[in-house]
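One file, upload-v9.txt, is given below (compact mmCIF, C-alpha atoms and all ligand atoms).
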# COMPACT_ATOMS: atom_id res chain seq x y z
CA MET N 10 91.21 111.86 84.83
CA GLN N 11 91.04 113.55 81.42
CA GLU N 12 94.54 114.87 81.99
CA ALA N 13 95.75 111.35 82.71
CA VAL N 14 94.05 109.96 79.60
CA LYS N 15 95.67 112.65 77.48
CA LEU N 16 99.09 111.85 78.86
CA ILE N 17 98.66 108.11 78.26
CA GLN N 18 97.37 108.62 74.73
CA SER N 19 100.23 110.95 73.94
CA ARG N 20 102.70 108.26 74.95
CA SER N 21 101.10 105.25 73.27
CA PRO N 22 99.17 104.87 70.01
CA LEU N 23 97.28 101.89 71.44
CA ARG N 24 93.61 102.26 72.42
CA PRO N 25 92.91 99.15 74.49
CA LYS N 26 89.40 97.95 75.23
CA ILE N 27 90.50 95.58 77.99
CA GLY N 28 92.08 96.43 81.32
CA LEU N 29 94.03 93.92 83.36
CA VAL N 30 95.18 94.14 86.96
CA LEU N 31 98.04 91.81 87.78
CA GLY N 32 98.21 90.23 91.22
CA SER N 33 101.31 89.19 93.14
CA GLY N 34 103.74 87.15 91.08
CA LEU N 35 102.19 87.91 87.70
CA GLY N 36 104.35 90.88 86.74
CA ALA N 37 105.99 88.76 84.04
CA PHE N 38 102.88 89.07 81.91
CA ALA N 39 103.44 92.81 81.43
CA GLN N 40 107.02 92.06 80.33
CA SER N 41 105.80 89.83 77.52
CA LEU N 42 103.76 92.48 75.69
CA GLU N 43 104.76 93.91 72.31
CA ARG N 44 104.74 97.59 71.41
CA ALA N 45 104.82 98.26 75.13
CA THR N 46 104.75 101.68 76.73
CA ARG N 47 105.40 101.70 80.46
CA ILE N 48 104.29 104.64 82.54
CA PRO N 49 105.16 104.75 86.26
CA TYR N 50 102.08 105.47 88.36
CA ARG N 51 103.80 108.51 89.83
CA ASP N 52 103.77 110.12 86.35
CA ILE N 53 99.99 109.71 85.98
CA PRO N 54 97.82 112.53 87.35
CA GLY N 55 95.09 111.21 89.62
CA LEU N 56 96.89 108.04 90.63
CA PRO N 57 98.31 107.90 94.15
CA THR N 58 101.97 108.71 94.47
CA SER N 59 104.07 106.09 96.14
CA THR N 60 105.91 108.36 98.66
CA ALA N 61 106.85 106.19 101.63
CA ILE N 62 104.64 103.30 100.75
CA GLY N 63 107.15 101.58 98.51
CA HIS N 64 107.20 100.89 94.83
CA ALA N 65 103.72 101.30 93.40
CA GLY N 66 104.23 99.89 89.95
CA GLU N 67 103.36 101.07 86.49
CA LEU N 68 100.73 101.17 83.84
CA VAL N 69 101.72 99.23 80.75
CA LEU N 70 100.00 99.65 77.41
CA GLY N 71 100.95 96.86 75.09
CA SER N 72 99.85 94.34 72.59
CA LEU N 73 99.50 90.63 73.18
CA GLY N 74 100.58 88.60 70.14
CA THR N 75 102.04 90.11 67.02
CA ASN N 76 99.97 88.83 64.11
CA GLY N 77 96.41 89.72 63.12
CA GLN N 78 95.27 88.35 66.48
CA ALA N 79 96.96 91.12 68.46
CA VAL N 80 94.98 92.36 71.45
CA ASP N 81 95.75 95.75 72.89
CA LEU N 82 95.77 95.84 76.67
CA ALA N 83 96.11 98.32 79.48
CA VAL N 84 97.79 96.58 82.37
CA MET N 85 98.19 97.67 85.95
CA SER N 86 101.42 96.01 86.99
CA GLY N 87 101.11 96.47 90.72
CA ARG N 88 97.93 97.51 92.48
CA PHE N 89 97.03 99.70 95.43
CA HIS N 90 95.98 97.94 98.63
CA LEU N 91 94.09 99.39 101.57
CA TYR N 92 96.58 97.82 103.97
CA GLU N 93 99.31 99.99 102.46
CA GLY N 94 97.45 103.02 103.73
CA TYR N 95 95.73 104.12 100.53
CA THR N 96 92.17 105.37 100.77
CA PRO N 97 89.42 103.29 99.16
CA GLN N 98 89.18 105.92 96.41
CA GLN N 99 92.91 105.68 95.74
CA VAL N 100 92.65 101.91 95.57
CA VAL N 101 90.18 102.18 92.67
CA ALA N 102 91.76 105.15 90.88
CA GLY N 103 93.33 102.88 88.26
CA ILE N 104 89.97 101.25 87.51
CA ARG N 105 88.36 104.66 87.02
CA LEU N 106 91.25 105.61 84.79
CA PHE N 107 90.64 102.49 82.70
CA LYS N 108 87.02 103.54 82.27
CA ALA N 109 88.04 107.07 81.28
CA MET N 110 90.31 105.49 78.65
CA GLY N 111 87.28 103.81 77.09
CA ILE N 112 87.83 100.40 78.68
CA ASN N 113 84.70 98.43 79.52
CA ARG N 114 86.09 94.98 80.27
CA LEU N 115 88.25 94.34 83.27
CA VAL N 116 90.26 91.31 84.30
CA LEU N 117 91.23 91.26 87.98
CA THR N 118 93.80 88.73 89.14
CA ASN N 119 95.08 88.02 92.61
CA ALA N 120 96.75 85.59 94.93
CA ALA N 121 94.37 84.13 97.48
CA GLY N 122 94.16 81.68 100.32
CA GLY N 123 92.01 78.62 99.67
CA ILE N 124 89.16 78.08 102.11
CA ASP N 125 87.65 75.31 100.00
CA VAL N 126 90.21 72.61 100.79
CA SER N 127 89.50 70.76 97.56
CA TYR N 128 91.24 73.53 95.60
CA GLY N 129 94.76 72.60 96.60
CA ARG N 130 97.78 74.81 96.33
CA GLY N 131 98.29 76.38 92.93
CA ALA N 132 94.65 76.04 91.83
CA LEU N 133 93.26 78.69 89.50
CA VAL N 134 89.77 79.78 90.48
CA LEU N 135 87.27 81.92 88.57
CA ILE N 136 85.65 84.32 91.00
CA SER N 137 81.87 83.89 90.85
CA ASP N 138 80.99 86.44 93.52
CA GLN N 139 82.52 88.34 96.39
CA ILE N 140 82.04 89.32 100.01
CA ASN N 141 83.44 92.72 100.94
CA LEU N 142 84.72 92.52 104.50
CA GLN N 143 87.17 95.39 104.20
CA GLY N 144 84.95 97.63 106.30
CA VAL N 145 85.00 100.37 103.69
CA ASN N 146 83.57 100.98 100.25
CA PRO N 147 85.10 103.10 97.48
CA LEU N 148 81.66 104.49 96.62
CA CYS N 149 81.22 106.21 99.99
CA GLY N 150 80.98 109.97 99.85
CA PRO N 151 79.18 112.10 97.30
CA ASN N 152 78.18 110.03 94.28
CA ASP N 153 79.57 111.02 90.91
CA ASN N 154 76.50 110.45 88.76
CA ALA N 155 78.67 110.59 85.66
CA LEU N 156 80.31 107.35 86.80
CA GLY N 157 77.24 105.47 87.96
CA PRO N 158 74.22 105.37 90.26
CA ARG N 159 74.20 106.03 94.00
CA PHE N 160 73.06 102.48 94.76
CA PRO N 161 74.55 100.24 92.11
CA ASP N 162 73.30 96.70 91.58
CA MET N 163 75.86 94.01 92.43
CA THR N 164 73.90 90.94 91.35
CA GLU N 165 76.42 90.13 88.64
CA ALA N 166 79.58 91.79 89.91
CA TYR N 167 81.53 89.14 88.02
CA SER N 168 80.25 88.65 84.49
CA ILE N 169 78.65 85.29 83.83
CA ARG N 170 79.50 85.42 80.15
CA LEU N 171 83.16 86.34 80.67
CA ARG N 172 83.43 83.53 83.21
CA ALA N 173 81.93 81.07 80.72
CA ILE N 174 84.49 82.14 78.12
CA ALA N 175 87.33 81.68 80.59
CA ALA N 176 85.97 78.27 81.64
CA SER N 177 85.72 76.96 78.10
CA THR N 178 89.14 78.35 77.22
CA GLY N 179 90.61 76.60 80.25
CA ALA N 180 88.92 73.34 79.27
CA GLU N 181 90.37 73.56 75.75
CA LEU N 182 93.85 74.14 77.13
CA GLY N 183 93.55 71.35 79.69
CA ILE N 184 93.82 73.84 82.54
CA THR N 185 91.53 72.96 85.44
CA LEU N 186 89.54 75.98 86.56
CA ARG N 187 87.34 75.99 89.61
CA GLU N 188 84.79 78.61 90.65
CA GLY N 189 84.40 80.27 94.00
CA VAL N 190 83.36 83.19 96.16
CA TYR N 191 86.16 85.59 97.13
CA ALA N 192 86.14 87.27 100.52
CA GLY N 193 88.14 90.48 100.57
CA LEU N 194 89.59 91.47 103.93
CA LEU N 195 91.57 94.50 104.95
CA GLY N 196 94.77 92.71 105.96
CA PRO N 197 97.69 93.02 106.30
CA CYS N 198 97.83 90.13 108.75
CA TYR N 199 96.68 86.82 107.46
CA GLU N 200 93.49 85.50 109.03
CA THR N 201 93.19 83.48 112.20
CA PRO N 202 91.86 79.94 111.97
CA ALA N 203 88.67 81.17 113.69
CA GLU N 204 88.25 83.86 111.03
CA ILE N 205 88.68 81.23 108.33
CA ARG N 206 85.98 79.07 109.93
CA PHE N 207 83.75 82.15 110.01
CA LEU N 208 84.46 82.88 106.34
CA LYS N 209 83.67 79.29 105.39
CA THR N 210 80.39 79.51 107.26
CA ILE N 211 79.32 82.66 105.44
CA GLY N 212 80.01 81.14 102.04
CA ALA N 213 83.53 82.18 101.08
CA ASP N 214 85.79 79.82 99.15
CA LEU N 215 88.78 82.15 98.78
CA VAL N 216 90.27 84.89 100.91
CA GLY N 217 92.49 87.79 100.02
CA MET N 218 93.27 91.46 100.65
CA SER N 219 92.47 93.03 97.29
CA THR N 220 90.03 92.97 94.37
CA VAL N 221 86.68 93.64 96.10
CA ALA N 222 86.94 97.44 96.03
CA GLU N 223 88.08 97.35 92.41
CA ALA N 224 85.15 95.12 91.46
CA ILE N 225 82.74 97.47 93.25
CA ALA N 226 84.08 100.51 91.38
CA ALA N 227 83.90 98.58 88.12
CA SER N 228 80.30 97.49 88.76
CA HIS N 229 79.39 101.06 89.56
CA MET N 230 80.64 102.06 86.09
CA LYS N 231 78.96 99.07 84.42
CA MET N 232 82.23 97.45 83.41
CA GLU N 233 82.22 93.71 82.81
CA VAL N 234 84.54 91.97 85.24
CA LEU N 235 86.40 88.67 85.10
CA GLY N 236 88.19 87.71 88.31
CA ILE N 237 90.78 84.97 88.60
CA SER N 238 92.47 83.90 91.82
CA CYS N 239 95.59 81.84 92.16
CA VAL N 240 95.37 79.79 95.35
CA THR N 241 98.86 80.18 96.76
CA ASN N 242 98.13 78.51 100.09
CA LEU N 243 95.44 76.84 102.08
CA ALA N 244 93.88 79.41 104.39
CA ALA N 245 95.00 79.67 108.01
CA GLY N 246 94.44 76.58 110.12
CA LEU N 247 93.63 74.29 107.19
CA SER N 248 97.05 72.87 106.46
CA GLY N 249 98.74 72.66 109.84
CA GLU N 250 101.39 75.06 108.57
CA LYS N 251 101.92 78.73 109.27
CA LEU N 252 101.44 81.19 106.43
CA ASP N 253 104.48 82.77 104.95
CA GLN N 254 104.60 85.54 102.37
CA ASP N 255 107.68 84.05 100.67
CA GLU N 256 105.82 80.82 100.13
CA VAL N 257 102.78 82.70 98.81
CA LEU N 258 105.02 84.43 96.29
CA GLU N 259 106.86 81.22 95.40
CA ILE N 260 103.65 79.32 94.61
CA GLY N 261 102.46 82.35 92.65
CA ARG N 262 105.62 82.15 90.59
CA GLN N 263 105.26 78.41 90.06
CA VAL N 264 101.74 78.78 88.73
CA SER N 265 102.43 81.91 86.74
CA GLY N 266 103.32 79.96 83.58
CA THR N 267 99.89 78.30 83.51
CA PHE N 268 98.19 81.52 84.56
CA LEU N 269 99.86 83.45 81.74
CA LYS N 270 98.99 80.75 79.21
CA LEU N 271 95.36 80.99 80.28
CA LEU N 272 95.33 84.79 80.11
CA SER N 273 96.97 84.77 76.69
CA ALA N 274 94.18 82.57 75.37
CA VAL N 275 91.29 84.25 77.19
CA LEU N 276 92.10 87.89 76.45
CA PRO N 277 91.77 87.66 72.63
CA ARG N 278 88.34 86.09 73.12
CA LEU N 279 87.25 88.90 75.39
CA ASN N 280 88.42 91.42 72.83
CA ASN N 281 86.33 89.91 70.06
CA LEU N 282 82.98 89.89 71.85
N1 LIG N 301 94.87 85.23 103.16
C1 LIG N 301 94.75 86.47 102.68
N2 LIG N 301 95.35 86.89 101.58
C2 LIG N 301 96.10 85.99 100.91
C3 LIG N 301 96.26 84.67 101.35
C4 LIG N 301 95.60 84.27 102.55
O1 LIG N 301 95.69 83.12 103.00
N3 LIG N 301 97.07 84.06 100.44
C5 LIG N 301 97.36 84.97 99.50
N4 LIG N 301 96.79 86.15 99.77

Render the structure in this file as structure tokens.
Ligand code: HPA
Amino acid sequence: MQEAVKLIQSRSPLRPKIGLVLGSGLGAFAQSLERATRIPYRDIPGLPTSTAIGHAGELVLGSLGTNGQAVDLAVMSGRFHLYEGYTPQQVVAGIRLFKAMGINRLVLTNAAGGIDVSYGRGALVLISDQINLQGVNPLCGPNDNALGPRFPDMTEAYSIRLRAIAASTGAELGITLREGVYAGLLGPCYETPAEIRFLKTIGADLVGMSTVAEAIAASHMKMEVLGISCVTNLAAGLSGEKLDQDEVLEIGRQVSGTFLKLLSAVLPRLNNL
């Protein structure tokens, strides 16, 4: 990782304290940054190479806002999913890189299915907790004590104080933010209606195929995590309609303006803690 940090710091003068992972449909945020340096993942030692898996995205270092308020950010534009065939350790490599860069606050965003039917399509939801149903854990294998303990506490996987900041920022902007528990599944198929009923029973409000491994790796390293889901669809069996990836992406795009406005207001506040 030190090699990767050296490379990144040789390409950009910025030293961000906040890392951001952009979910489906939010790539535009990385385009809006000033003083931006974009580094394809394949150029970064320690990050998975994209080989046959398709385009894997890039790390963007950039600054949000140009005046005295500018916040430097490290942004993963594109993430690694287990369903693409990456190992759990590869999925969290970017998060460990963030930590090695000196980043201690992490914002994870994603598109999710809504299990709580009161959310409605397009709702933005602050993740209060998670259920890892991916069947694997990025901390399996020998523990690197330099990163964190063998048996890390997960009581506050998602920071209460960061969530409170996001909630009050949303309220000021007139953006309705809900809270909910995110269940992370392996994918890549969407869930069956029976699986959604099961998830509802065990206390999940949102369902998706990312985020949980990243939050585990971040907790392990004592990073503070804020998670925000964009509800792109009601989960399987709840709307009478079949799920369709194009529709998921379309709703993601429709909400992205509001999502970006929220992020632009929240990130400076996280920087000044
Ligand atoms: N299920 C799983 N992942 C998702 C969904 C869903 O309904 N919508 C967006 N990502």

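At a cut-off of 7 Å from (90.9, 97.6, 97.7), the residue set is Phe89, His90, Leu91, Pro97, Val100, Val101, Ser219, Thr220, Val221, Ala222 and Glu223 of chain N (counting only C-alpha atoms).
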
Test item: residues lying within 7 Å of ligand LIG 301 (chain N) with only C-alpha atoms and all ligand atoms, as a PyMOL selection string: chain N and resi 120-123+199-200+216-218+240-245+252+257

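Among the candidates N:Ser228, N:Ser168, N:Asn280, N:Thr210, the one nearest to Ser72 in chain N when counting all atoms listed in the file is N:Asn280.
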
Neighbouring residues of Asp255 in chain N were defined as those with any atom within 12 Å, considering all atoms listed in the file; residues of the same chain fewer than 5 positions away were excluded. Please report them as an mmCIF file with C-alpha atoms, in the frame of the given file.
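Everything below was put into selection20.cif:
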data_model
loop_
_atom_site.group_PDB
_atom_site.id
_atom_site.type_symbol
_atom_site.label_atom_id
_atom_site.label_comp_id
_atom_site.auth_asym_id
_atom_site.auth_seq_id
_atom_site.Cartn_x
_atom_site.Cartn_y
_atom_site.Cartn_z
ATOM 1 C CA SER N 33 101.310 89.190 93.140
ATOM 2 C CA GLY N 34 103.740 87.150 91.080
ATOM 3 C CA THR N 241 98.860 80.180 96.760
ATOM 4 C CA ASN N 242 98.130 78.510 100.090
ATOM 5 C CA ILE N 260 103.650 79.320 94.610
ATOM 6 C CA GLY N 261 102.460 82.350 92.650
ATOM 7 C CA ARG N 262 105.620 82.150 90.590
#

CA of Thr267 in chain N to CA of Ala213 in chain N, straight-line distance in Å: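 Between CA of Ala213 in chain N and CA of Thr267 in chain N the gap is 24.3 Å.
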
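In terms of minimum interatomic distance to Asp81 in chain N, N:Leu42 ranks closest within N:Ala37, N:Leu269, N:Ala173, N:Leu42, counting all atoms listed in the file.
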
Arg170 in chain N environment, 12 Å, only C-alpha atoms, sequence neighbours closer than 3 positions dropped, as a list of chain:residue names: N:Arg114, N:Leu135, N:Ser137, N:Glu165, N:Ala166, N:Tyr167, N:Ala173, N:Ile174, N:Ala175, N:Ala176, N:Ser177, N:Glu233, N:Val234, N:Leu235, N:Arg278, N:Leu279, N:Leu282

Pick from N:Lys26, N:Arg47, N:Leu272, N:Gln11 nearest to Leu182 in chain N, counting all atoms listed in the file: N:Leu272

All residues 8 Å or closer to Gln143 in chain N, all atoms listed in the file, same chain fewer than 6 positions away omitted, as a list in words: Gly193, Leu194 and Leu195 of chain N

Distance query Lys270 in chain N at most 12 Å, all atoms listed in the file, self and fewer than 5 positions along chain excluded, as a VMD selection string: chain N and resid 35 37 to 38 41 73 133 175 178 to 179 181 to 184 264 to 265 275 to 277

Contacts of Pro161 in chain N at 12 Å (only C-alpha atoms; same-chain gap of 4+ positions) as a ChimeraX atom specification: /N:148-149,152-154,156-157,165-166,224-232

From N:Ile48, N:Leu23, N:Leu106, N:Met163, residue lying nearest Gln139 in chain N [only C-alpha atoms]: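 For Gln139 in chain N, the nearest of the given residues is N:Met163.
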
d(CA of Thr58 in chain N, CA of Leu16 in chain N) in Å: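 Between these atoms lies a distance of 16.2 Å.
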
Coordinates-based distance that separates CA of Ile211 in chain N from CA of Cys239 in chain N (Å, one decimal):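 Those two atoms sit 21.0 Å apart.
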